[in-house]
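Input: a single structure, listed below in structure tokens.
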Amino acid sequence: MTVVGCEKVRVRAGEFDAFKLKWQSTWLDKTNNNPGTTESTYWYAPAARNVVLFDRLVT
């Protein structure tokens with residue numbers, strides 16, 4: 001996981017200053033022998049002590 005920056009994010013719980021974190025992984029579907037990738041982005045807000053937003057792209 002890599003910290004790629006800081007952003008202000010607005011969610012239903014309010015507005016937070018958050019660290020933007022990226023995670024990328026690859027995998028192989030052994031049944032069909034198809035490769036895939038997953039790219040996840042998390043916004044961690046220290047004030048909330050939690051991830052307040054996330055996004056995931058699976059290809």
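Just remember, in the structure tokens the first chain shown is A, the second B, etc., residues are 1-based per chain, and ligands are 1-based in the order shown.
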Handout entry: Close residues, A:Glu39 itself excluded, 8 Å, only C-alpha atoms, min 5 positions apart in chain, as number ranges by chain
Key = A: 22-25, 56-58
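Of the residues under consideration (A:Leu28, A:Val4, A:Tyr42, A:Gly36), A:Tyr42 shows the shortest atom-to-atom contact distance to A:Phe54 when counting only C-alpha atoms.
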Contacts of stretch 16-21 of chain A within 6 Å, only C-alpha atoms, excl. fewer than 6 positions in-chain, as a PDB file with C-alpha atoms, in the first residue's frame:
ATOM      1  CA  THR A   2       1.303   3.436  -0.920  1.00  0.00           C
ATOM      2  CA  VAL A   3       0.371   6.905   0.308  1.00  0.00           C
ATOM      3  CA  VAL A   4      -0.178   8.982  -2.826  1.00  0.00           C
ATOM      4  CA  GLY A   5      -1.320  12.244  -1.239  1.00  0.00           C
ATOM      5  CA  CYS A   6      -3.713  14.067   1.043  1.00  0.00           C
ATOM      6  CA  GLU A   7      -7.195  15.188   0.072  1.00  0.00           C
ATOM      7  CA  LYS A   8     -10.259  16.714   1.636  1.00  0.00           C
ATOM      8  CA  VAL A   9     -13.192  14.336   1.135  1.00  0.00           C
ATOM      9  CA  THR A  41      -8.064   3.388  -3.282  1.00  0.00           C
ATOM     10  CA  TYR A  42      -8.732   4.206   0.369  1.00  0.00           C
ATOM     11  CA  TRP A  43      -9.075   7.575   2.101  1.00  0.00           C
ATOM     12  CA  TYR A  44      -8.008   7.301   5.727  1.00  0.00           C
ATOM     13  CA  ALA A  45      -9.039  10.182   8.000  1.00  0.00           C
TER      14      ALA A  45
END
Problem - Members of chain A assigned strand (DSSP E or B) by DSSP, as a VMD selection string - result: chain A and resid 2 to 11 14 to 29 34 to 45 50 to 58
Practice task
Calculate how many Å separate atom CA of A:Thr26 from atom CA of A:Ser40, rounding to one decimal.
Solution key: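 Computing the Euclidean distance for atom CA of A:Thr26 and atom CA of A:Ser40 yields 11.6 Å.
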Exercise for the section: Quick one: pull the distance between atom CA of A:Ala47 and atom CA of A:Arg12, Å, one decimal. Expected result: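 Result for atom CA of A:Ala47 versus atom CA of A:Arg12: 15.1 Å, one decimal.
Atom pair atom CA of A:Asn50 / atom CA of A:Trp27 has a distance of 27.2 Å (rounded to one decimal).
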